[in-house]
>>> print(open('target07.tsv').read())   # TSV, C-alpha atoms
chain	number	residue	atom	x	y	z
A	23	MET	CA	68.87	91.02	-45.36
A	24	SER	CA	68.43	94.22	-43.34
A	25	GLY	CA	64.88	95.58	-43.36
A	26	LYS	CA	63.41	92.31	-44.65
A	27	THR	CA	61.03	90.05	-42.70
A	28	ALA	CA	62.36	86.52	-42.25
A	29	PHE	CA	60.29	83.84	-43.97
A	30	ILE	CA	59.05	81.02	-41.67
A	31	PRO	CA	57.43	78.07	-43.43
A	32	SER	CA	53.86	77.32	-42.23
A	33	TYR	CA	54.71	73.79	-41.17
A	34	SER	CA	57.51	75.13	-38.89
A	35	PHE	CA	55.15	77.67	-37.38
A	36	HIS	CA	52.60	74.94	-36.56
A	37	ARG	CA	55.34	72.75	-35.11
A	38	CYS	CA	56.42	75.58	-32.80
A	39	ILE	CA	52.86	76.12	-31.63
A	40	PHE	CA	52.48	72.38	-30.90
A	41	ALA	CA	55.75	72.25	-29.01
A	42	SER	CA	54.82	75.30	-26.93
A	43	ALA	CA	51.42	73.82	-26.08
A	44	THR	CA	53.07	70.55	-25.05
A	45	LEU	CA	55.49	72.38	-22.77
A	46	ILE	CA	52.66	74.35	-21.16
A	47	ILE	CA	50.67	71.16	-20.48
A	48	LEU	CA	53.69	69.35	-19.04
A	49	SER	CA	54.71	72.30	-16.88
A	50	SER	CA	51.14	72.61	-15.57
A	51	PHE	CA	51.07	68.90	-14.73
A	52	PHE	CA	54.31	69.03	-12.79
A	53	SER	CA	53.30	72.28	-11.10
A	54	ILE	CA	50.08	70.66	-9.84
A	55	ARG	CA	52.03	67.64	-8.62
A	56	SER	CA	54.53	69.90	-6.91
A	57	LEU	CA	51.72	71.66	-5.07
A	58	ARG	CA	50.46	68.35	-3.69
A	59	SER	CA	53.60	66.32	-3.27
A	60	PRO	CA	55.34	68.03	-0.30
A	61	LEU	CA	52.48	67.28	2.10
A	62	GLN	CA	51.96	63.81	0.69
A	63	ALA	CA	55.68	63.11	0.86
A	64	GLN	CA	55.81	64.42	4.42
A	65	ASN	CA	52.90	62.23	5.50
A	66	GLN	CA	54.44	59.20	3.85
A	67	TYR	CA	57.82	59.98	5.39
A	68	GLN	CA	56.30	60.42	8.85
A	69	SER	CA	54.26	57.24	8.47
A	70	ASN	CA	57.36	55.31	7.48
A	71	LEU	CA	59.25	56.77	10.44
A	72	LEU	CA	56.40	55.76	12.75
A	73	ILE	CA	56.25	52.19	11.50
A	74	THR	CA	60.05	51.88	11.69
A	75	ALA	CA	60.21	53.34	15.21
A	76	LEU	CA	57.40	51.25	16.62
A	77	THR	CA	58.66	48.07	14.98
A	78	ASP	CA	62.28	48.60	16.05
A	79	GLY	CA	61.12	49.37	19.55
A	80	GLY	CA	59.30	46.06	19.81
A	81	ILE	CA	55.89	47.75	20.10
A	82	LEU	CA	54.33	46.46	16.87
A	83	SER	CA	54.03	42.92	15.61
A	84	ALA	CA	54.59	42.10	11.95
A	85	GLU	CA	50.85	42.16	11.36
A	86	GLU	CA	50.36	45.51	13.08
A	87	SER	CA	53.25	47.11	11.21
A	88	MET	CA	51.34	47.03	7.91
A	89	PRO	CA	51.30	50.31	5.93
A	90	VAL	CA	48.63	52.55	7.38
A	91	SER	CA	47.39	53.31	3.87
A	92	SER	CA	45.93	49.78	3.76
A	93	LEU	CA	43.68	50.38	6.76
A	94	THR	CA	40.04	51.07	5.93
A	95	ALA	CA	38.12	51.17	9.22
A	96	TYR	CA	39.67	54.39	10.52
A	97	HIS	CA	38.67	57.98	9.90
A	98	SER	CA	42.30	59.12	9.51
A	99	PRO	CA	44.72	56.19	9.86
A	100	GLU	CA	47.88	58.26	9.29
A	101	ILE	CA	46.93	60.85	11.91
A	102	PHE	CA	45.89	58.15	14.38
A	103	HIS	CA	49.15	56.24	14.06
A	104	LEU	CA	51.31	59.33	14.31
A	105	SER	CA	49.49	60.67	17.37
A	106	TYR	CA	49.45	57.19	18.93
A	107	ALA	CA	53.24	57.02	18.64
A	108	GLU	CA	53.56	60.40	20.35
A	109	MET	CA	51.27	59.20	23.14
A	110	GLU	CA	53.41	56.10	23.68
A	111	SER	CA	56.51	58.22	24.18
A	112	LYS	CA	55.12	61.15	26.19
A	113	PHE	CA	51.87	60.45	28.04
A	114	LYS	CA	52.06	60.11	31.84
A	115	VAL	CA	49.37	59.43	34.46
A	116	TYR	CA	49.65	59.79	38.22
A	117	ILE	CA	47.57	57.45	40.38
A	118	TYR	CA	46.55	58.78	43.77
A	119	PRO	CA	48.01	56.36	46.35
A	120	ASP	CA	45.25	56.84	48.92
A	121	GLY	CA	42.78	54.09	49.80
A	122	ASP	CA	43.11	50.53	51.08
A	123	PRO	CA	43.39	48.05	48.17
A	124	ASN	CA	41.53	45.52	50.32
A	125	THR	CA	38.43	47.70	50.33
A	126	TYR	CA	37.31	49.79	47.33
A	127	TYR	CA	40.50	51.28	45.94
A	128	GLN	CA	43.57	50.84	43.73
A	129	THR	CA	43.13	47.25	42.54
A	130	PRO	CA	40.48	45.48	40.44
A	131	ARG	CA	37.81	43.27	41.93
A	132	LYS	CA	38.34	40.71	39.16
A	133	LEU	CA	39.24	40.42	35.49
A	134	THR	CA	36.27	38.32	34.46
A	135	GLY	CA	32.56	38.87	33.93
A	136	LYS	CA	30.65	41.68	32.30
A	137	TYR	CA	32.51	44.38	34.23
A	138	ALA	CA	35.95	43.03	33.32
A	139	SER	CA	36.81	46.23	31.44
A	140	GLU	CA	36.91	48.18	34.71
A	141	GLY	CA	39.12	45.57	36.35
A	142	TYR	CA	41.52	45.37	33.45
A	143	PHE	CA	42.01	49.13	33.36
A	144	PHE	CA	42.82	49.25	37.08
A	145	GLN	CA	45.44	46.53	36.53
A	146	ASN	CA	46.79	47.68	33.17
A	147	ILE	CA	47.48	51.26	34.19
A	148	ARG	CA	49.99	50.03	36.77
A	149	GLU	CA	51.59	47.61	34.31
A	150	SER	CA	52.03	50.23	31.62
A	151	ARG	CA	54.69	52.78	30.69
A	152	PHE	CA	52.13	55.55	31.26
A	153	HIS	CA	52.21	55.23	35.06
A	154	THR	CA	54.41	57.77	36.82
A	155	GLU	CA	55.17	58.09	40.52
A	156	ASP	CA	55.98	61.78	40.07
A	157	PRO	CA	52.82	63.96	40.00
A	158	ASN	CA	54.84	66.81	38.51
A	159	GLN	CA	55.36	64.74	35.36
A	160	ALA	CA	51.70	63.79	35.07
A	161	ASP	CA	49.44	64.90	32.24
A	162	LEU	CA	46.38	63.44	33.98
A	163	PHE	CA	45.45	62.17	37.47
A	164	PHE	CA	43.58	58.89	38.00
A	165	ILE	CA	41.05	58.60	40.85
A	166	PRO	CA	41.36	54.88	41.71
A	167	ILE	CA	38.02	54.09	43.36
A	168	SER	CA	36.16	51.02	42.08
A	169	CYS	CA	32.37	50.97	42.11
A	170	HIS	CA	32.54	47.34	41.03
A	171	LYS	CA	34.43	46.47	44.24
A	172	MET	CA	31.87	48.38	46.29
A	173	ARG	CA	28.98	46.48	44.71
A	174	GLY	CA	30.86	43.24	45.27
A	175	LYS	CA	30.98	44.04	48.99
A	176	GLY	CA	27.26	44.74	49.08
A	177	ILE	CA	27.47	48.53	49.41
A	178	SER	CA	24.12	50.20	48.71
A	179	TYR	CA	23.83	52.99	46.18
A	180	ASP	CA	23.26	55.63	48.89
A	181	ASN	CA	26.32	54.56	50.86
A	182	MET	CA	28.37	54.27	47.66
A	183	THR	CA	27.67	57.93	46.90
A	184	ILE	CA	28.85	58.95	50.38
A	185	ILE	CA	32.04	56.83	50.14
A	186	VAL	CA	32.91	58.30	46.74
A	187	GLN	CA	32.27	61.86	47.87
A	188	ASN	CA	34.35	61.49	51.05
A	189	TYR	CA	37.25	59.92	49.14
A	190	VAL	CA	37.44	62.58	46.42
A	191	GLU	CA	36.99	65.46	48.84
A	192	GLY	CA	39.81	63.99	50.92
A	193	LEU	CA	42.09	64.03	47.86
A	194	ILE	CA	41.15	67.65	47.17
A	195	ARG	CA	42.07	68.68	50.71
A	196	LYS	CA	45.32	66.71	50.79
A	197	TYR	CA	46.82	67.46	47.37
A	198	PRO	CA	47.15	70.68	45.31
A	199	TYR	CA	46.48	69.14	41.90
A	200	TRP	CA	42.68	69.21	41.75
A	201	ASN	CA	42.41	72.92	42.43
A	202	ARG	CA	44.65	73.87	39.48
A	203	THR	CA	41.85	72.97	37.06
A	204	LEU	CA	38.92	72.13	39.39
A	205	GLY	CA	39.36	68.51	38.33
A	206	ALA	CA	39.60	68.97	34.56
A	207	ASP	CA	42.86	66.97	34.43
A	208	HIS	CA	41.41	64.14	36.55
A	209	PHE	CA	39.59	61.03	35.40
A	210	LEU	CA	37.72	58.03	36.77
A	211	VAL	CA	36.90	54.63	35.28
A	212	THR	CA	33.72	52.67	35.98
A	213	CYS	CA	31.88	49.96	34.09
A	214	HIS	CA	29.20	49.08	36.63
A	215	ASP	CA	25.65	50.22	35.88
A	216	VAL	CA	25.50	52.42	38.98
A	217	GLY	CA	29.03	53.73	38.60
A	218	VAL	CA	27.99	56.97	36.92
A	219	ARG	CA	25.34	57.69	39.56
A	220	ALA	CA	27.79	57.03	42.40
A	221	PHE	CA	29.59	60.31	41.63
A	222	GLU	CA	26.48	62.49	41.63
A	223	GLY	CA	27.46	64.06	44.96
A	224	LEU	CA	30.40	65.76	43.22
A	225	PRO	CA	28.96	68.24	40.69
A	226	LEU	CA	32.37	69.71	39.75
A	227	LEU	CA	33.68	66.22	38.98
A	228	ILE	CA	30.70	65.49	36.73
A	229	LYS	CA	31.08	68.87	35.03
A	230	ASN	CA	34.88	69.01	34.65
A	231	SER	CA	36.54	65.61	35.07
A	232	ILE	CA	36.81	62.92	32.41
A	233	ARG	CA	34.48	60.01	33.09
A	234	VAL	CA	35.42	56.74	31.37
A	235	VAL	CA	32.19	54.73	31.51
A	236	CYS	CA	30.57	51.67	29.93
A	237	SER	CA	27.14	53.32	29.74
A	238	PRO	CA	27.73	56.51	27.71
A	239	SER	CA	24.23	57.70	26.95
A	240	TYR	CA	23.63	61.20	25.60
A	241	ASN	CA	20.34	61.49	27.50
A	242	VAL	CA	21.79	60.90	31.00
A	243	GLY	CA	24.57	63.47	31.18
A	244	PHE	CA	27.36	61.88	29.14
A	245	ILE	CA	29.45	64.64	27.51
A	246	PRO	CA	31.05	63.14	24.38
A	247	HIS	CA	33.83	65.69	23.83
A	248	LYS	CA	34.92	65.33	27.47
A	249	ASP	CA	33.94	61.85	28.65
A	250	VAL	CA	35.09	58.53	27.16
A	251	SER	CA	33.08	55.49	26.12
A	252	LEU	CA	34.55	52.33	27.68
A	253	PRO	CA	33.80	49.15	25.67
A	254	GLN	CA	32.08	46.50	27.74
A	255	VAL	CA	34.01	43.30	27.06
A	256	LEU	CA	33.02	39.99	28.62
A	257	GLN	CA	36.33	38.22	29.05
A	258	PRO	CA	37.75	35.64	28.82
A	259	PHE	CA	36.19	34.75	25.49
A	260	ALA	CA	35.00	31.14	25.44
A	261	LEU	CA	36.23	30.48	21.91
A	262	PRO	CA	38.92	31.86	19.56
A	263	SER	CA	38.25	34.90	17.42
A	264	GLY	CA	36.45	34.51	14.12
A	265	GLY	CA	37.37	36.13	10.85
A	266	ASN	CA	37.94	35.54	7.16
A	267	ASP	CA	35.25	32.87	7.30
A	268	VAL	CA	32.35	34.46	5.42
A	269	VAL	CA	31.46	31.24	3.55
A	270	ASN	CA	30.51	29.55	6.84
A	271	ARG	CA	28.03	32.26	7.82
A	272	THR	CA	24.65	31.04	6.62
A	273	ILE	CA	22.35	32.66	9.23
A	274	LEU	CA	21.22	36.15	8.22
A	275	GLY	CA	20.87	37.58	11.75
A	276	PHE	CA	21.17	36.33	15.33
A	277	TRP	CA	20.15	37.48	18.79
A	278	ALA	CA	19.37	35.70	22.05
A	279	GLY	CA	19.05	37.37	25.42
A	280	HIS	CA	16.88	38.70	28.22
A	281	ARG	CA	14.03	41.06	27.42
A	282	ASN	CA	15.14	43.74	29.87
A	283	SER	CA	14.43	46.77	27.67
A	284	LYS	CA	11.69	48.00	25.39
A	285	ILE	CA	13.74	47.49	22.23
A	286	ARG	CA	14.50	43.90	23.17
A	287	VAL	CA	10.83	43.16	23.81
A	288	ILE	CA	9.92	44.54	20.38
A	289	LEU	CA	12.78	42.68	18.69
A	290	ALA	CA	11.68	39.34	20.14
A	291	HIS	CA	7.97	39.97	19.50
A	292	VAL	CA	8.42	40.93	15.84
A	293	TRP	CA	11.09	38.48	14.72
A	294	GLU	CA	11.29	35.42	16.99
A	295	ASN	CA	9.27	33.23	14.57
A	296	ASP	CA	11.09	34.32	11.43
A	297	THR	CA	12.76	31.49	9.49
A	298	GLU	CA	15.76	33.49	8.28
A	299	LEU	CA	16.52	35.36	11.48
A	300	ALA	CA	17.63	33.38	14.55
A	301	ILE	CA	15.94	35.50	17.21
A	302	SER	CA	15.31	34.04	20.67
A	303	ASN	CA	13.45	35.83	23.45
A	304	ASN	CA	15.72	34.30	26.09
A	305	ARG	CA	19.25	33.13	26.58
A	306	ILE	CA	20.20	29.82	24.99
A	307	SER	CA	20.18	27.18	27.71
A	308	ARG	CA	23.43	25.32	28.38
A	309	ALA	CA	21.36	22.15	28.51
A	310	ILE	CA	21.05	22.30	24.71
A	311	GLY	CA	24.79	21.86	24.30
A	312	GLU	CA	28.22	23.20	25.16
A	313	LEU	CA	28.88	26.78	24.00
A	314	VAL	CA	25.88	26.77	21.64
A	315	TYR	CA	25.39	30.51	22.14
A	316	GLN	CA	28.99	31.38	21.25
A	317	LYS	CA	29.04	29.01	18.27
A	318	GLN	CA	25.98	30.75	16.87
A	319	PHE	CA	28.10	33.86	16.36
A	320	TYR	CA	30.38	31.89	14.05
A	321	LYS	CA	27.42	30.87	11.86
A	322	SER	CA	25.81	34.30	11.55
A	323	LYS	CA	26.43	37.18	9.18
A	324	PHE	CA	24.89	39.86	11.38
A	325	CYS	CA	24.50	39.86	15.16
A	326	ILE	CA	21.80	42.11	16.59
A	327	CYS	CA	22.96	44.26	19.52
A	328	PRO	CA	20.00	46.00	21.18
A	329	GLY	CA	20.52	48.09	24.30
A	330	GLY	CA	19.57	46.45	27.59
A	331	SER	CA	19.10	48.10	30.95
A	332	GLN	CA	21.65	50.64	29.64
A	333	VAL	CA	22.56	51.72	26.11
A	334	ASN	CA	25.63	49.48	26.05
A	335	SER	CA	25.91	45.71	25.66
A	336	ALA	CA	28.80	43.24	25.92
A	337	ARG	CA	27.24	41.58	22.86
A	338	ILE	CA	28.90	44.19	20.65
A	339	ALA	CA	32.40	43.09	21.69
A	340	ASP	CA	31.29	39.44	21.43
A	341	SER	CA	30.13	40.04	17.86
A	342	ILE	CA	33.38	41.74	16.91
A	343	HIS	CA	35.46	38.97	18.50
A	344	TYR	CA	33.59	36.15	16.76
A	345	GLY	CA	33.56	37.90	13.39
A	346	CYS	CA	29.83	38.61	13.23
A	347	VAL	CA	28.97	42.09	11.94
A	348	PRO	CA	27.23	43.93	14.82
A	349	VAL	CA	23.90	45.64	14.19
A	350	ILE	CA	23.57	48.41	16.79
A	351	LEU	CA	19.98	49.02	17.93
A	352	SER	CA	20.46	51.50	20.75
A	353	ASP	CA	19.60	55.20	20.52
A	354	TYR	CA	21.82	57.84	22.19
A	355	TYR	CA	24.78	55.45	22.48
A	356	ASP	CA	28.23	57.03	22.11
A	357	LEU	CA	30.01	54.07	20.53
A	358	PRO	CA	33.54	53.29	21.77
A	359	PHE	CA	36.38	54.93	19.84
A	360	GLN	CA	34.03	56.42	17.25
A	361	ASP	CA	36.20	59.50	16.85
A	362	ILE	CA	38.96	57.10	15.69
A	363	LEU	CA	37.07	54.22	14.09
A	364	ASP	CA	34.51	54.55	11.31
A	365	TRP	CA	31.80	52.23	12.60
A	366	ARG	CA	30.09	52.32	9.19
A	367	LYS	CA	33.00	50.25	7.84
A	368	PHE	CA	32.44	47.27	10.15
A	369	SER	CA	28.90	47.50	11.57
A	370	LEU	CA	25.36	48.67	10.91
A	371	VAL	CA	24.21	51.48	13.21
A	372	LEU	CA	20.41	51.71	13.11
A	373	LYS	CA	17.75	53.66	14.94
A	374	GLU	CA	15.60	51.66	17.34
A	375	LYS	CA	12.59	52.44	15.16
A	376	ASP	CA	14.30	50.50	12.34
A	377	VAL	CA	13.66	47.23	14.20
A	378	TYR	CA	10.44	46.77	12.23
A	379	GLN	CA	12.38	46.80	8.93
A	380	LEU	CA	15.31	44.81	10.31
A	381	LYS	CA	15.08	41.86	7.94
A	382	SER	CA	14.72	43.96	4.78
A	383	ILE	CA	17.66	46.14	5.85
A	384	LEU	CA	19.90	43.10	6.36
A	385	MET	CA	18.79	41.51	3.09
A	386	SER	CA	19.56	44.75	1.23
A	387	ILE	CA	23.28	44.37	2.05
A	388	SER	CA	24.96	42.80	-0.97
A	389	GLU	CA	27.44	39.97	-0.60
A	390	GLU	CA	30.19	42.37	-1.60
A	391	GLY	CA	29.01	44.84	1.03
A	392	PHE	CA	28.97	42.15	3.71
A	393	VAL	CA	32.47	40.97	2.82
A	394	SER	CA	33.69	44.56	3.10
A	395	LEU	CA	32.10	44.96	6.53
A	396	HIS	CA	33.57	41.65	7.65
A	397	LYS	CA	37.02	42.72	6.51
A	398	GLY	CA	36.74	45.95	8.49
A	399	LEU	CA	35.60	43.95	11.51
A	400	VAL	CA	38.71	41.77	11.47
A	401	GLU	CA	40.79	44.94	11.22
A	402	VAL	CA	39.45	46.36	14.51
A	403	GLN	CA	39.21	43.17	16.61
A	404	LYS	CA	42.43	43.96	18.47
A	405	HIS	CA	40.92	47.19	19.82
A	406	PHE	CA	38.18	45.30	21.71
A	407	GLU	CA	40.37	42.90	23.66
A	408	TRP	CA	42.04	43.28	27.06
A	409	HIS	CA	45.40	41.76	28.02
A	410	SER	CA	47.57	41.63	31.11
A	411	PRO	CA	50.09	43.05	30.64
A	412	PRO	CA	48.54	45.28	27.96
A	413	VAL	CA	49.67	45.06	24.34
A	414	PRO	CA	49.80	47.82	21.69
A	415	PHE	CA	46.47	48.90	20.20
A	416	ASP	CA	44.38	46.78	22.60
A	417	ALA	CA	41.37	48.17	24.49
A	418	PHE	CA	43.57	49.64	27.22
A	419	HIS	CA	45.77	51.53	24.79
A	420	MET	CA	42.73	52.79	22.90
A	421	ILE	CA	41.28	54.19	26.13
A	422	MET	CA	44.63	55.77	26.92
A	423	TYR	CA	44.63	57.31	23.45
A	424	GLU	CA	41.18	58.79	24.06
A	425	LEU	CA	42.50	60.28	27.31
A	426	TRP	CA	45.58	61.55	25.47
A	427	LEU	CA	43.37	63.40	22.99
A	428	ARG	CA	41.41	65.05	25.81
A	429	HIS	CA	44.38	66.06	27.93
A	430	ARG	CA	45.57	68.42	25.18
A	431	VAL	CA	42.73	70.86	25.76
A	432	ILE	CA	43.46	71.31	29.47
A	433	LYS	CA	45.39	74.44	30.46
A	434	TYR	CA	46.52	75.58	33.89
>>> encode(input="target07.tsv", output="structure tokens")
Amino acid sequence: MSGKTAFIPSYSFHRCIFASATLIILSSFFSIRSLRSPLQAQNQYQSNLLITALTDGGILSAEESMPVSSLTAYHSPEIFHLSYAEMESKFKVYIYPDGDPNTYYQTPRKLTGKYASEGYFFQNIRESRFHTEDPNQADLFFIPISCHKMRGKGISYDNMTIIVQNYVEGLIRKYPYWNRTLGADHFLVTCHDVGVRAFEGLPLLIKNSIRVVCSPSYNVGFIPHKDVSLPQVLQPFALPSGGNDVVNRTILGFWAGHRNSKIRVILAHVWENDTELAISNNRISRAIGELVYQKQFYKSKFCICPGGSQVNSARIADSIHYGCVPVILSDYYDLPFQDILDWRKFSLVLKEKDVYQLKSILMSISEEGFVSLHKGLVEVQKHFEWHSPPVPFDAFHMIMYELWLRHRVIKY
């Protein structure tokens, strides 16, 4: 046999080639999977740990402990849930103790009405695990002065500015914490229309501190990567939340309210006589019937939310609560939680100039598209509700999460 070439039948040669090709394909497949799987496995593992930890700790209800992969209205649900869990365990806020609660400080004026969000935050922060009495443990410092309480006591805008300036400057003189960052690790909360203007006498506060406000307009000094948009929620809600009731929604679009802005005047003028849009140029009178205005939300597919005297409107939270897809008609509005929530998955965000094509835009949404928006809306309802004491993922915790995200960039 020496010196002779071994004979290999042609069919065996072809079989070897086929087998080799098969092995190459299989090895490539598993190599690609191996490149992807560690990160995916890690994310899944961390997500499972998060759900287990929060559920075992009594933080999440059975409904809220659903797999994050099923959530659709978030930009990055896994990242949000993981970071949220870290916030719950680590985040601490110190509240300056100065100021008489019977005047303008420390406590809310009330937990009802269109400025309820401010009141709830003042109350919730003290009820929560985030509150620390030790300033050395604090990640952020809360300036507890309430513009809503000042307005309730009849304080003029000019005097309000003086009161705010004197209070903050007194804190700066008395404590060492402001000067470490020139106020960058401090924040205030105000929902009243004049609340933002009341701090104008403190340029470093406006420039450096985090302002949590209900009127976050890009064209009046709101800084979106620093400041936080506070949802304006008119609580208590008159009726239970809507949802999973798309078959009952036979009105294409609904709006009723005061014409206290240019966009509202145009909206009423163009569409108030339309037969498929329920547009009223004034509030619905209680004389017509009990809770007629609120019940209209239940019947409507889309609820129009034009800006009023400010860019914001409590009608957005009303729409979300009652299961009516909000149609935002307010330019320069930094929508609440929009770095967390994908508003395109549960609302329509239009330009004010689109008001003239409003009906055609709404009619262009397919039934499947509307059902998808409605599903996303139900998913985020819990984020636009206040409770006392606060509950996981409610409006208070979402605001705290926004603050948590911002505190990470502060160094001293």
>>> atom_distance(input="target07.tsv", atom1="CA of Asn304 (chain A)", atom2="CA of Ala278 (chain A)")
5.6 Å
>>> atom_distance(input="target07.tsv", atom1="CA of Ala95 (chain A)", atom2="CA of Leu363 (chain A)")
5.8 Å
>>> atom_distance(input="target07.tsv", atom1="CA of Asp207 (chain A)", atom2="CA of Lys136 (chain A)")
28.2 Å
>>> closest_residue(input="target07.tsv", among="A:Ala260, A:Ala206, A:Pro119, A:Asn158", to="Glu312 (chain A)", atoms="all atoms listed in the file")
A:Ala260
>>> residues_around(input="target07.tsv", residues="region 387-398 of chain A", least_positions_apart="6", cutoff="12 Å", atoms="only C-alpha atoms", output="PDB file with C-alpha atoms, keeping the file's coordinate frame")
ATOM      1  CA  SER A  92      45.930  49.780   3.760  1.00  0.00           C
ATOM      2  CA  LEU A  93      43.680  50.380   6.760  1.00  0.00           C
ATOM      3  CA  THR A  94      40.040  51.070   5.930  1.00  0.00           C
ATOM      4  CA  ALA A  95      38.120  51.170   9.220  1.00  0.00           C
ATOM      5  CA  TYR A  96      39.670  54.390  10.520  1.00  0.00           C
ATOM      6  CA  GLY A 264      36.450  34.510  14.120  1.00  0.00           C
ATOM      7  CA  GLY A 265      37.370  36.130  10.850  1.00  0.00           C
ATOM      8  CA  ASN A 266      37.940  35.540   7.160  1.00  0.00           C
ATOM      9  CA  ASP A 267      35.250  32.870   7.300  1.00  0.00           C
ATOM     10  CA  VAL A 268      32.350  34.460   5.420  1.00  0.00           C
ATOM     11  CA  VAL A 269      31.460  31.240   3.550  1.00  0.00           C
ATOM     12  CA  ARG A 271      28.030  32.260   7.820  1.00  0.00           C
ATOM     13  CA  THR A 272      24.650  31.040   6.620  1.00  0.00           C
ATOM     14  CA  LEU A 274      21.220  36.150   8.220  1.00  0.00           C
ATOM     15  CA  SER A 322      25.810  34.300  11.550  1.00  0.00           C
ATOM     16  CA  LYS A 323      26.430  37.180   9.180  1.00  0.00           C
ATOM     17  CA  PHE A 324      24.890  39.860  11.380  1.00  0.00           C
ATOM     18  CA  CYS A 325      24.500  39.860  15.160  1.00  0.00           C
ATOM     19  CA  SER A 341      30.130  40.040  17.860  1.00  0.00           C
ATOM     20  CA  ILE A 342      33.380  41.740  16.910  1.00  0.00           C
ATOM     21  CA  HIS A 343      35.460  38.970  18.500  1.00  0.00           C
ATOM     22  CA  TYR A 344      33.590  36.150  16.760  1.00  0.00           C
ATOM     23  CA  GLY A 345      33.560  37.900  13.390  1.00  0.00           C
ATOM     24  CA  CYS A 346      29.830  38.610  13.230  1.00  0.00           C
ATOM     25  CA  VAL A 347      28.970  42.090  11.940  1.00  0.00           C
ATOM     26  CA  PRO A 348      27.230  43.930  14.820  1.00  0.00           C
ATOM     27  CA  VAL A 349      23.900  45.640  14.190  1.00  0.00           C
ATOM     28  CA  LEU A 363      37.070  54.220  14.090  1.00  0.00           C
ATOM     29  CA  ASP A 364      34.510  54.550  11.310  1.00  0.00           C
ATOM     30  CA  TRP A 365      31.800  52.230  12.600  1.00  0.00           C
ATOM     31  CA  ARG A 366      30.090  52.320   9.190  1.00  0.00           C
ATOM     32  CA  LYS A 367      33.000  50.250   7.840  1.00  0.00           C
ATOM     33  CA  PHE A 368      32.440  47.270  10.150  1.00  0.00           C
ATOM     34  CA  SER A 369      28.900  47.500  11.570  1.00  0.00           C
ATOM     35  CA  LEU A 370      25.360  48.670  10.910  1.00  0.00           C
ATOM     36  CA  LEU A 380      15.310  44.810  10.310  1.00  0.00           C
ATOM     37  CA  LYS A 381      15.080  41.860   7.940  1.00  0.00           C
ATOM     38  CA  LYS A 404      42.430  43.960  18.470  1.00  0.00           C
TER      39      LYS A 404
END
>>> closest_residue(input="target07.tsv", among="A:Asp356, A:His208, A:Ala336, A:Gln316", to="Gly243 (chain A)", atoms="only C-alpha atoms")
A:Asp356
>>> closest_residue(input="target07.tsv", among="A:Ile184, A:Lys248, A:Asp340, A:Asp215", to="Arg430 (chain A)", atoms="all atoms listed in the file")
A:Lys248
>>> residues_around(input="target07.tsv", residues="Trp277 (chain A)", least_positions_apart="4", cutoff="9 Å", atoms="all atoms listed in the file", output="PDB file with C-alpha atoms, keeping the file's coordinate frame")
ATOM      1  CA  ALA A 290      11.680  39.340  20.140  1.00  0.00           C
ATOM      2  CA  LEU A 299      16.520  35.360  11.480  1.00  0.00           C
ATOM      3  CA  ALA A 300      17.630  33.380  14.550  1.00  0.00           C
ATOM      4  CA  ILE A 301      15.940  35.500  17.210  1.00  0.00           C
ATOM      5  CA  SER A 302      15.310  34.040  20.670  1.00  0.00           C
ATOM      6  CA  ASN A 303      13.450  35.830  23.450  1.00  0.00           C
ATOM      7  CA  ARG A 305      19.250  33.130  26.580  1.00  0.00           C
ATOM      8  CA  CYS A 325      24.500  39.860  15.160  1.00  0.00           C
ATOM      9  CA  ILE A 326      21.800  42.110  16.590  1.00  0.00           C
ATOM     10  CA  CYS A 327      22.960  44.260  19.520  1.00  0.00           C
ATOM     11  CA  PRO A 328      20.000  46.000  21.180  1.00  0.00           C
TER      12      PRO A 328
END
>>> closest_residue(input="target07.tsv", among="A:Tyr354, A:Tyr197, A:Phe209, A:Phe415", to="Gln403 (chain A)", atoms="all atoms listed in the file")
A:Phe415
>>> closest_residue(input="target07.tsv", among="A:Pro411, A:Pro258, A:Gly275, A:Gly192", to="Ala339 (chain A)", atoms="all atoms listed in the file")
A:Pro258
>>> closest_residue(input="target07.tsv", among="A:Gly217, A:Pro225, A:Pro253, A:Gly135", to="Ile167 (chain A)", atoms="all atoms listed in the file")
A:Gly217
>>> residues_around(input="target07.tsv", residues="Ala220 (chain A)", least_positions_apart="4", cutoff="12 Å", atoms="only C-alpha atoms", output="NGL selection string")
:A and (167-170 or 172-173 or 177-190 or 210-216 or 224-225 or 227-228 or 233 or 235)
